[in-house]
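K.L.:
So that you have it, the file is entry.csv, and it contains CSV, C-alpha atoms:
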chain,number,residue,atom,x,y,z
A,1,MET,CA,22.9,76.4,75.8
A,2,LYS,CA,24.3,77.6,79.1
A,3,GLU,CA,24.1,80.9,81.0
A,4,LYS,CA,27.0,83.3,80.2
A,5,LYS,CA,29.5,83.4,83.2
A,6,GLU,CA,32.1,86.0,84.2
A,7,ILE,CA,35.2,84.2,85.6
A,8,SER,CA,38.4,86.2,85.7
A,9,LEU,CA,41.7,84.9,87.1
A,10,GLU,CA,43.9,87.5,88.8
A,11,LYS,CA,46.7,84.9,89.0
A,12,PRO,CA,47.4,81.5,87.4
A,13,CYS,CA,45.5,78.4,88.8
A,14,SER,CA,47.8,75.8,90.4
A,15,VAL,CA,47.8,73.8,87.2
A,16,GLY,CA,48.8,76.9,85.2
A,17,LYS,CA,51.6,77.7,87.7
A,18,ALA,CA,52.9,74.2,87.5
A,19,MET,CA,52.8,74.0,83.7
A,20,GLY,CA,54.4,77.4,83.5
A,21,ILE,CA,57.4,75.7,85.1
A,22,ILE,CA,57.2,72.1,83.8
A,23,LYS,CA,56.0,73.0,80.2
A,24,GLY,CA,55.4,69.3,79.6
A,25,ARG,CA,55.9,68.3,76.0
A,26,TRP,CA,59.4,67.1,76.5
A,27,SER,CA,59.9,67.6,80.2
A,28,PHE,CA,57.6,64.8,81.2
A,29,PRO,CA,59.3,62.2,79.0
A,30,ILE,CA,62.7,63.4,80.3
A,31,ILE,CA,61.5,63.2,83.9
A,32,ARG,CA,60.1,59.8,83.3
A,33,ALA,CA,63.4,58.5,82.0
A,34,LEU,CA,65.3,60.0,85.0
A,35,MET,CA,62.7,58.4,87.4
A,36,GLN,CA,64.4,55.0,86.7
A,37,GLU,CA,68.0,56.2,87.2
A,38,THR,CA,70.7,58.8,86.7
A,39,LEU,CA,71.5,59.2,83.1
A,40,ARG,CA,74.1,60.9,80.8
A,41,PHE,CA,73.3,63.2,78.0
A,42,LYS,CA,73.6,60.6,75.2
A,43,GLU,CA,71.6,58.1,77.3
A,44,LEU,CA,68.8,60.7,77.7
A,45,GLU,CA,68.9,61.4,74.0
A,46,ARG,CA,68.3,57.7,73.3
A,47,ALA,CA,65.7,57.4,76.1
A,48,VAL,CA,63.5,60.2,74.9
A,49,PHE,CA,62.2,59.3,71.4
A,50,SER,CA,62.6,61.8,68.6
A,51,ILE,CA,64.0,64.7,70.8
A,52,ASN,CA,66.9,66.5,69.1
A,53,THR,CA,70.1,67.5,70.7
A,54,ARG,CA,69.4,71.3,70.7
A,55,MET,CA,65.9,70.7,72.3
A,56,LEU,CA,67.4,68.3,75.0
A,57,VAL,CA,70.1,70.9,75.9
A,58,LYS,CA,67.4,73.6,76.2
A,59,GLU,CA,65.0,71.4,78.3
A,60,LEU,CA,67.7,70.2,80.6
A,61,LYS,CA,68.8,73.8,81.2
A,62,GLU,CA,65.3,74.9,82.1
A,63,LEU,CA,64.6,71.8,84.3
A,64,ALA,CA,67.8,72.5,86.2
A,65,ASN,CA,66.9,76.2,86.5
A,66,GLU,CA,63.5,75.2,88.0
A,67,GLY,CA,65.2,72.9,90.5
A,68,LEU,CA,63.6,69.7,89.0
A,69,ILE,CA,67.0,68.1,88.1
A,70,THR,CA,70.6,68.3,89.1
A,71,ARG,CA,73.6,68.2,86.7
A,72,LYS,CA,76.9,66.6,87.9
A,73,ALA,CA,80.1,66.9,85.9
A,74,TYR,CA,83.1,64.6,86.3
A,75,ALA,CA,86.6,65.6,85.2
A,76,THR,CA,87.1,62.6,83.0
A,77,VAL,CA,88.6,62.9,79.5
A,78,PRO,CA,86.3,63.7,77.8
A,79,PRO,CA,84.2,65.2,80.6
A,80,THR,CA,81.2,63.2,81.8
A,81,VAL,CA,77.9,64.8,82.8
A,82,GLU,CA,75.2,63.0,84.7
A,83,TYR,CA,71.6,64.2,85.3
A,84,SER,CA,69.4,63.2,88.2
A,85,LEU,CA,66.0,64.2,89.6
A,86,THR,CA,65.8,66.4,92.7
A,87,GLU,CA,63.2,65.7,95.4
A,88,LYS,CA,61.0,68.3,93.7
A,89,GLY,CA,61.4,66.4,90.3
A,90,ARG,CA,60.9,63.0,91.9
A,91,ALA,CA,57.7,64.2,93.4
A,92,LEU,CA,56.2,64.3,89.9
A,93,ARG,CA,56.1,60.4,89.9
A,94,PRO,CA,52.3,60.3,90.6
A,95,VAL,CA,51.7,62.7,87.6
A,96,ILE,CA,53.8,60.5,85.4
A,97,ALA,CA,52.0,57.4,86.6
A,98,GLU,CA,48.6,58.9,85.8
A,99,ILE,CA,49.8,60.0,82.3
A,100,GLU,CA,51.0,56.4,81.7
A,101,LYS,CA,47.5,55.0,82.7
A,102,TRP,CA,45.7,57.5,80.5
A,103,SER,CA,48.0,56.7,77.6
A,104,ALA,CA,47.5,52.9,78.0
A,105,ASN,CA,43.7,53.4,78.0
A,106,PHE,CA,43.3,55.9,75.2
A,107,LEU,CA,46.3,55.7,72.8
B,1,MET,CA,79.9,57.7,88.6
B,2,LYS,CA,77.7,55.1,87.0
B,3,GLU,CA,78.2,52.5,84.3
B,4,LYS,CA,77.5,53.7,80.7
B,5,LYS,CA,74.3,52.2,79.3
B,6,GLU,CA,72.9,51.7,75.8
B,7,ILE,CA,69.1,52.3,75.8
B,8,SER,CA,67.6,53.1,72.5
B,9,LEU,CA,63.8,53.6,72.0
B,10,GLU,CA,62.4,52.4,68.7
B,11,LYS,CA,59.1,54.2,69.5
B,12,PRO,CA,57.9,56.8,72.0
B,13,CYS,CA,57.3,55.7,75.6
B,14,SER,CA,53.7,56.0,76.8
B,15,VAL,CA,54.4,59.3,78.4
B,16,GLY,CA,56.1,60.6,75.2
B,17,LYS,CA,53.1,59.4,73.1
B,18,ALA,CA,50.6,61.2,75.5
B,19,MET,CA,52.6,64.4,75.6
B,20,GLY,CA,53.0,64.4,71.9
B,21,ILE,CA,49.2,64.7,71.8
B,22,ILE,CA,48.5,66.8,74.9
B,23,LYS,CA,51.6,69.1,74.7
B,24,GLY,CA,50.8,70.4,78.2
B,25,ARG,CA,51.8,74.0,78.8
B,26,TRP,CA,48.4,75.4,77.9
B,27,SER,CA,46.4,72.3,77.3
B,28,PHE,CA,46.4,71.2,81.0
B,29,PRO,CA,45.1,74.6,82.3
B,30,ILE,CA,42.4,74.6,79.5
B,31,ILE,CA,41.4,71.0,80.4
B,32,ARG,CA,41.3,71.9,84.1
B,33,ALA,CA,38.9,74.8,83.4
B,34,LEU,CA,36.6,72.6,81.3
B,35,MET,CA,36.6,69.9,84.0
B,36,GLN,CA,34.3,72.2,85.9
B,37,GLU,CA,31.9,73.0,83.1
B,38,THR,CA,31.2,73.7,79.5
B,39,LEU,CA,32.7,77.1,78.6
B,40,ARG,CA,32.6,79.7,75.8
B,41,PHE,CA,35.7,81.2,74.2
B,42,LYS,CA,35.7,84.4,76.2
B,43,GLU,CA,35.1,82.5,79.4
B,44,LEU,CA,38.0,80.2,78.7
B,45,GLU,CA,40.2,83.2,77.9
B,46,ARG,CA,39.4,84.5,81.3
B,47,ALA,CA,39.8,81.1,83.0
B,48,VAL,CA,43.3,80.4,81.7
B,49,PHE,CA,45.6,83.1,83.2
B,50,SER,CA,47.8,85.0,80.6
B,51,ILE,CA,46.9,82.9,77.6
B,52,ASN,CA,46.4,85.1,74.5
B,53,THR,CA,43.6,84.8,71.9
B,54,ARG,CA,45.8,83.5,69.1
B,55,MET,CA,47.3,80.8,71.4
B,56,LEU,CA,43.8,79.8,72.8
B,57,VAL,CA,42.4,79.4,69.2
B,58,LYS,CA,45.4,77.2,68.3
B,59,GLU,CA,45.2,75.1,71.4
B,60,LEU,CA,41.4,74.5,71.1
B,61,LYS,CA,41.8,73.5,67.5
B,62,GLU,CA,44.5,70.9,68.4
B,63,LEU,CA,42.6,69.6,71.4
B,64,ALA,CA,39.5,69.1,69.2
B,65,ASN,CA,41.6,67.4,66.5
B,66,GLU,CA,43.0,65.0,69.1
B,67,GLY,CA,39.4,64.2,70.4
B,68,LEU,CA,40.0,65.7,73.8
B,69,ILE,CA,37.3,68.4,73.5
B,70,THR,CA,34.1,69.1,71.5
B,71,ARG,CA,33.1,72.4,69.9
B,72,LYS,CA,29.4,73.2,69.6
B,73,ALA,CA,28.2,76.3,67.7
B,74,TYR,CA,24.7,77.9,68.2
B,75,ALA,CA,23.1,80.0,65.4
B,76,THR,CA,22.6,82.9,67.8
B,77,VAL,CA,23.4,86.5,66.6
B,78,PRO,CA,26.4,86.8,67.1
B,79,PRO,CA,27.0,83.0,66.9
B,80,THR,CA,27.8,81.3,70.3
B,81,VAL,CA,30.4,78.5,70.5
B,82,GLU,CA,30.7,76.3,73.6
B,83,TYR,CA,33.6,73.9,74.4
B,84,SER,CA,33.3,70.7,76.5
B,85,LEU,CA,35.5,67.8,77.4
B,86,THR,CA,35.0,64.4,75.6
B,87,GLU,CA,35.3,61.2,77.6
B,88,LYS,CA,39.0,61.0,76.5
B,89,GLY,CA,39.6,64.5,77.8
B,90,ARG,CA,37.7,64.0,81.1
B,91,ALA,CA,39.8,60.9,81.7
B,92,LEU,CA,42.7,63.3,82.3
B,93,ARG,CA,41.1,64.3,85.7
B,94,PRO,CA,43.6,62.2,87.8
B,95,VAL,CA,46.6,63.7,85.9
B,96,ILE,CA,45.2,67.2,86.7
B,97,ALA,CA,44.6,66.2,90.3
B,98,GLU,CA,48.2,65.1,90.8
B,99,ILE,CA,49.6,68.2,89.1
B,100,GLU,CA,47.5,70.3,91.6
B,101,LYS,CA,48.9,68.3,94.5
B,102,TRP,CA,52.4,68.8,93.3
B,103,SER,CA,51.9,72.5,92.7
B,104,ALA,CA,50.4,72.9,96.3
B,105,ASN,CA,53.5,71.1,97.8
B,106,PHE,CA,56.3,72.7,95.8
B,107,LEU,CA,55.2,76.1,94.4
Take the structure I supplied and represent it as structure tokens, if you would.
P.N.:
Amino acid sequence: MKEKKEISLEKPCSVGKAMGIIKGRWSFPIIRALMQETLRFKELERAVFSINTRMLVKELKELANEGLITRKAYATVPPTVEYSLTEKGRALRPVIAEIEKWSANFL
Amino acid sequence: MKEKKEISLEKPCSVGKAMGIIKGRWSFPIIRALMQETLRFKELERAVFSINTRMLVKELKELANEGLITRKAYATVPPTVEYSLTEKGRALRPVIAEIEKWSANFL
């Protein structure tokens, strides 16, 4: 049994700060899908297994607010909307790669 | 504007599978704290900024169910409980390291 220890954070650690923005559960699969290419809403819905429409709308809004993705609308009939990663979003590639390695080893 | 594409996943991608287990928002900061050492509940509560007791209880239960951490109780008065990473949990170190790098560069 170890010594008791007093550690108290005044502010979030860097991982806490990052996950406060990224959240993770759905955002990482969405970011992974967009790593390969720009996608439309319906394509994203199909590319992220078992996400529902309401959740995808919410996640895309939050990811755009955090500057991880961009949303581009085209005045087609009906209107077309495409989602792409920003530089900040694309920089998560190494995180995604490590999650994929862990998943291959342990799941 | 790009060509429309039909991609349909029959099962989650490896990132989706992993995040379905890890979830992320709180689990990564908890795992980061436990990377350094075995910790007790109160120590973990202080080490993970702004997590509340109810959330930490829930997260620790899920992380133990998924085999990412172990829970060891000692028959002291009052009882002492210590949490440690399993091999599966410790193997997330490269993911945590990449999140820390991203956070340092972008936040």
K.L.:
Using all atoms listed in the file, select each residue of chain A with any atom at most 9 Å away from an atom of chain B, and give the selection as a PyMOL selection string.
P.N.:
chain A and resi 1-2+4-26+28-30+32+38-40+42-50+74+80+82+88+91-92+94-104+106-107
K.L.:
For the reference chain A, what are the coordinates of chain B after least-squares fitting (all Cα, in-order pairing), as a PDB file with C-alpha atoms, in the frame of the given file?
P.N.:
ATOM      1  CA  MET B   1      22.945  76.417  75.784  1.00  0.00           C
ATOM      2  CA  LYS B   2      24.282  77.575  79.105  1.00  0.00           C
ATOM      3  CA  GLU B   3      24.176  80.837  81.016  1.00  0.00           C
ATOM      4  CA  LYS B   4      27.057  83.290  80.259  1.00  0.00           C
ATOM      5  CA  LYS B   5      29.509  83.538  83.153  1.00  0.00           C
ATOM      6  CA  GLU B   6      32.128  86.082  84.216  1.00  0.00           C
ATOM      7  CA  ILE B   7      35.211  84.282  85.649  1.00  0.00           C
ATOM      8  CA  SER B   8      38.361  86.247  85.653  1.00  0.00           C
ATOM      9  CA  LEU B   9      41.657  84.904  87.160  1.00  0.00           C
ATOM     10  CA  GLU B  10      43.873  87.472  88.828  1.00  0.00           C
ATOM     11  CA  LYS B  11      46.690  84.864  88.994  1.00  0.00           C
ATOM     12  CA  PRO B  12      47.419  81.473  87.438  1.00  0.00           C
ATOM     13  CA  CYS B  13      45.548  78.433  88.776  1.00  0.00           C
ATOM     14  CA  SER B  14      47.739  75.773  90.393  1.00  0.00           C
ATOM     15  CA  VAL B  15      47.817  73.775  87.240  1.00  0.00           C
ATOM     16  CA  GLY B  16      48.751  76.887  85.176  1.00  0.00           C
ATOM     17  CA  LYS B  17      51.542  77.738  87.694  1.00  0.00           C
ATOM     18  CA  ALA B  18      52.945  74.100  87.488  1.00  0.00           C
ATOM     19  CA  MET B  19      52.782  73.975  83.719  1.00  0.00           C
ATOM     20  CA  GLY B  20      54.380  77.323  83.425  1.00  0.00           C
ATOM     21  CA  ILE B  21      57.386  75.693  85.113  1.00  0.00           C
ATOM     22  CA  ILE B  22      57.220  72.142  83.744  1.00  0.00           C
ATOM     23  CA  LYS B  23      56.007  73.000  80.176  1.00  0.00           C
ATOM     24  CA  GLY B  24      55.367  69.287  79.555  1.00  0.00           C
ATOM     25  CA  ARG B  25      55.864  68.192  75.967  1.00  0.00           C
ATOM     26  CA  TRP B  26      59.454  67.112  76.487  1.00  0.00           C
ATOM     27  CA  SER B  27      59.916  67.638  80.158  1.00  0.00           C
ATOM     28  CA  PHE B  28      57.548  64.770  81.191  1.00  0.00           C
ATOM     29  CA  PRO B  29      59.310  62.142  78.970  1.00  0.00           C
ATOM     30  CA  ILE B  30      62.752  63.386  80.288  1.00  0.00           C
ATOM     31  CA  ILE B  31      61.487  63.194  83.912  1.00  0.00           C
ATOM     32  CA  ARG B  32      60.052  59.722  83.279  1.00  0.00           C
ATOM     33  CA  ALA B  33      63.442  58.479  82.004  1.00  0.00           C
ATOM     34  CA  LEU B  34      65.282  59.912  85.021  1.00  0.00           C
ATOM     35  CA  MET B  35      62.738  58.351  87.403  1.00  0.00           C
ATOM     36  CA  GLN B  36      64.464  55.087  86.653  1.00  0.00           C
ATOM     37  CA  GLU B  37      68.026  56.236  87.130  1.00  0.00           C
ATOM     38  CA  THR B  38      70.692  58.830  86.802  1.00  0.00           C
ATOM     39  CA  LEU B  39      71.499  59.293  83.093  1.00  0.00           C
ATOM     40  CA  ARG B  40      74.126  60.924  80.846  1.00  0.00           C
ATOM     41  CA  PHE B  41      73.285  63.208  77.931  1.00  0.00           C
ATOM     42  CA  LYS B  42      73.636  60.594  75.233  1.00  0.00           C
ATOM     43  CA  GLU B  43      71.626  58.122  77.248  1.00  0.00           C
ATOM     44  CA  LEU B  44      68.840  60.613  77.718  1.00  0.00           C
ATOM     45  CA  GLU B  45      68.904  61.403  73.996  1.00  0.00           C
ATOM     46  CA  ARG B  46      68.315  57.776  73.372  1.00  0.00           C
ATOM     47  CA  ALA B  47      65.686  57.442  76.126  1.00  0.00           C
ATOM     48  CA  VAL B  48      63.448  60.258  74.901  1.00  0.00           C
ATOM     49  CA  PHE B  49      62.130  59.200  71.441  1.00  0.00           C
ATOM     50  CA  SER B  50      62.643  61.844  68.620  1.00  0.00           C
ATOM     51  CA  ILE B  51      63.947  64.622  70.812  1.00  0.00           C
ATOM     52  CA  ASN B  52      66.852  66.451  69.105  1.00  0.00           C
ATOM     53  CA  THR B  53      70.137  67.565  70.736  1.00  0.00           C
ATOM     54  CA  ARG B  54      69.377  71.278  70.657  1.00  0.00           C
ATOM     55  CA  MET B  55      65.923  70.705  72.260  1.00  0.00           C
ATOM     56  CA  LEU B  56      67.378  68.281  74.946  1.00  0.00           C
ATOM     57  CA  VAL B  57      70.092  70.882  75.921  1.00  0.00           C
ATOM     58  CA  LYS B  58      67.377  73.560  76.250  1.00  0.00           C
ATOM     59  CA  GLU B  59      65.035  71.402  78.229  1.00  0.00           C
ATOM     60  CA  LEU B  60      67.756  70.196  80.685  1.00  0.00           C
ATOM     61  CA  LYS B  61      68.873  73.739  81.252  1.00  0.00           C
ATOM     62  CA  GLU B  62      65.287  74.855  82.120  1.00  0.00           C
ATOM     63  CA  LEU B  63      64.604  71.828  84.282  1.00  0.00           C
ATOM     64  CA  ALA B  64      67.821  72.526  86.248  1.00  0.00           C
ATOM     65  CA  ASN B  65      66.912  76.222  86.566  1.00  0.00           C
ATOM     66  CA  GLU B  66      63.507  75.265  87.970  1.00  0.00           C
ATOM     67  CA  GLY B  67      65.174  72.827  90.533  1.00  0.00           C
ATOM     68  CA  LEU B  68      63.631  69.745  89.020  1.00  0.00           C
ATOM     69  CA  ILE B  69      66.952  68.086  88.080  1.00  0.00           C
ATOM     70  CA  THR B  70      70.657  68.233  89.071  1.00  0.00           C
ATOM     71  CA  ARG B  71      73.639  68.251  86.714  1.00  0.00           C
ATOM     72  CA  LYS B  72      76.887  66.696  87.917  1.00  0.00           C
ATOM     73  CA  ALA B  73      80.085  66.942  85.826  1.00  0.00           C
ATOM     74  CA  TYR B  74      83.119  64.561  86.259  1.00  0.00           C
ATOM     75  CA  ALA B  75      86.646  65.689  85.210  1.00  0.00           C
ATOM     76  CA  THR B  76      87.034  62.601  83.035  1.00  0.00           C
ATOM     77  CA  VAL B  77      88.602  62.965  79.506  1.00  0.00           C
ATOM     78  CA  PRO B  78      86.244  63.739  77.723  1.00  0.00           C
ATOM     79  CA  PRO B  79      84.267  65.234  80.672  1.00  0.00           C
ATOM     80  CA  THR B  80      81.200  63.136  81.802  1.00  0.00           C
ATOM     81  CA  VAL B  81      77.961  64.866  82.877  1.00  0.00           C
ATOM     82  CA  GLU B  82      75.204  62.951  84.686  1.00  0.00           C
ATOM     83  CA  TYR B  83      71.606  64.182  85.278  1.00  0.00           C
ATOM     84  CA  SER B  84      69.378  63.148  88.228  1.00  0.00           C
ATOM     85  CA  LEU B  85      66.035  64.134  89.611  1.00  0.00           C
ATOM     86  CA  THR B  86      65.867  66.418  92.742  1.00  0.00           C
ATOM     87  CA  GLU B  87      63.244  65.727  95.383  1.00  0.00           C
ATOM     88  CA  LYS B  88      60.971  68.316  93.631  1.00  0.00           C
ATOM     89  CA  GLY B  89      61.363  66.476  90.351  1.00  0.00           C
ATOM     90  CA  ARG B  90      60.870  62.968  91.833  1.00  0.00           C
ATOM     91  CA  ALA B  91      57.669  64.224  93.431  1.00  0.00           C
ATOM     92  CA  LEU B  92      56.237  64.281  89.899  1.00  0.00           C
ATOM     93  CA  ARG B  93      56.115  60.395  89.943  1.00  0.00           C
ATOM     94  CA  PRO B  94      52.277  60.254  90.514  1.00  0.00           C
ATOM     95  CA  VAL B  95      51.665  62.753  87.643  1.00  0.00           C
ATOM     96  CA  ILE B  96      53.800  60.483  85.376  1.00  0.00           C
ATOM     97  CA  ALA B  97      51.972  57.416  86.628  1.00  0.00           C
ATOM     98  CA  GLU B  98      48.567  58.841  85.738  1.00  0.00           C
ATOM     99  CA  ILE B  99      49.729  60.032  82.319  1.00  0.00           C
ATOM    100  CA  GLU B 100      50.913  56.395  81.653  1.00  0.00           C
ATOM    101  CA  LYS B 101      47.526  55.068  82.722  1.00  0.00           C
ATOM    102  CA  TRP B 102      45.754  57.460  80.469  1.00  0.00           C
ATOM    103  CA  SER B 103      48.023  56.723  77.536  1.00  0.00           C
ATOM    104  CA  ALA B 104      47.466  52.876  78.048  1.00  0.00           C
ATOM    105  CA  ASN B 105      43.619  53.425  78.039  1.00  0.00           C
ATOM    106  CA  PHE B 106      43.250  55.895  75.183  1.00  0.00           C
ATOM    107  CA  LEU B 107      46.246  55.671  72.795  1.00  0.00           C
TER     108      LEU B 107
END
K.L.:
Please compute the atom CA of A:Met35-atom CA of A:Thr53 distance, one decimal, in Å.
P.N.:
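Rounded to one decimal, the two atoms are 20.4 Å apart.
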K.L.:
By how many Å are atom CA of B:Thr70 and atom CA of B:Gln36 apart?
P.N.:
14.7 Å
K.L.:
Could you tell me how far atom CA of B:Leu56 lies from atom CA of B:Phe41, in Å and to one decimal?
P.N.:
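Computing the Euclidean distance for atom CA of B:Leu56 and atom CA of B:Phe41 yields 8.3 Å.
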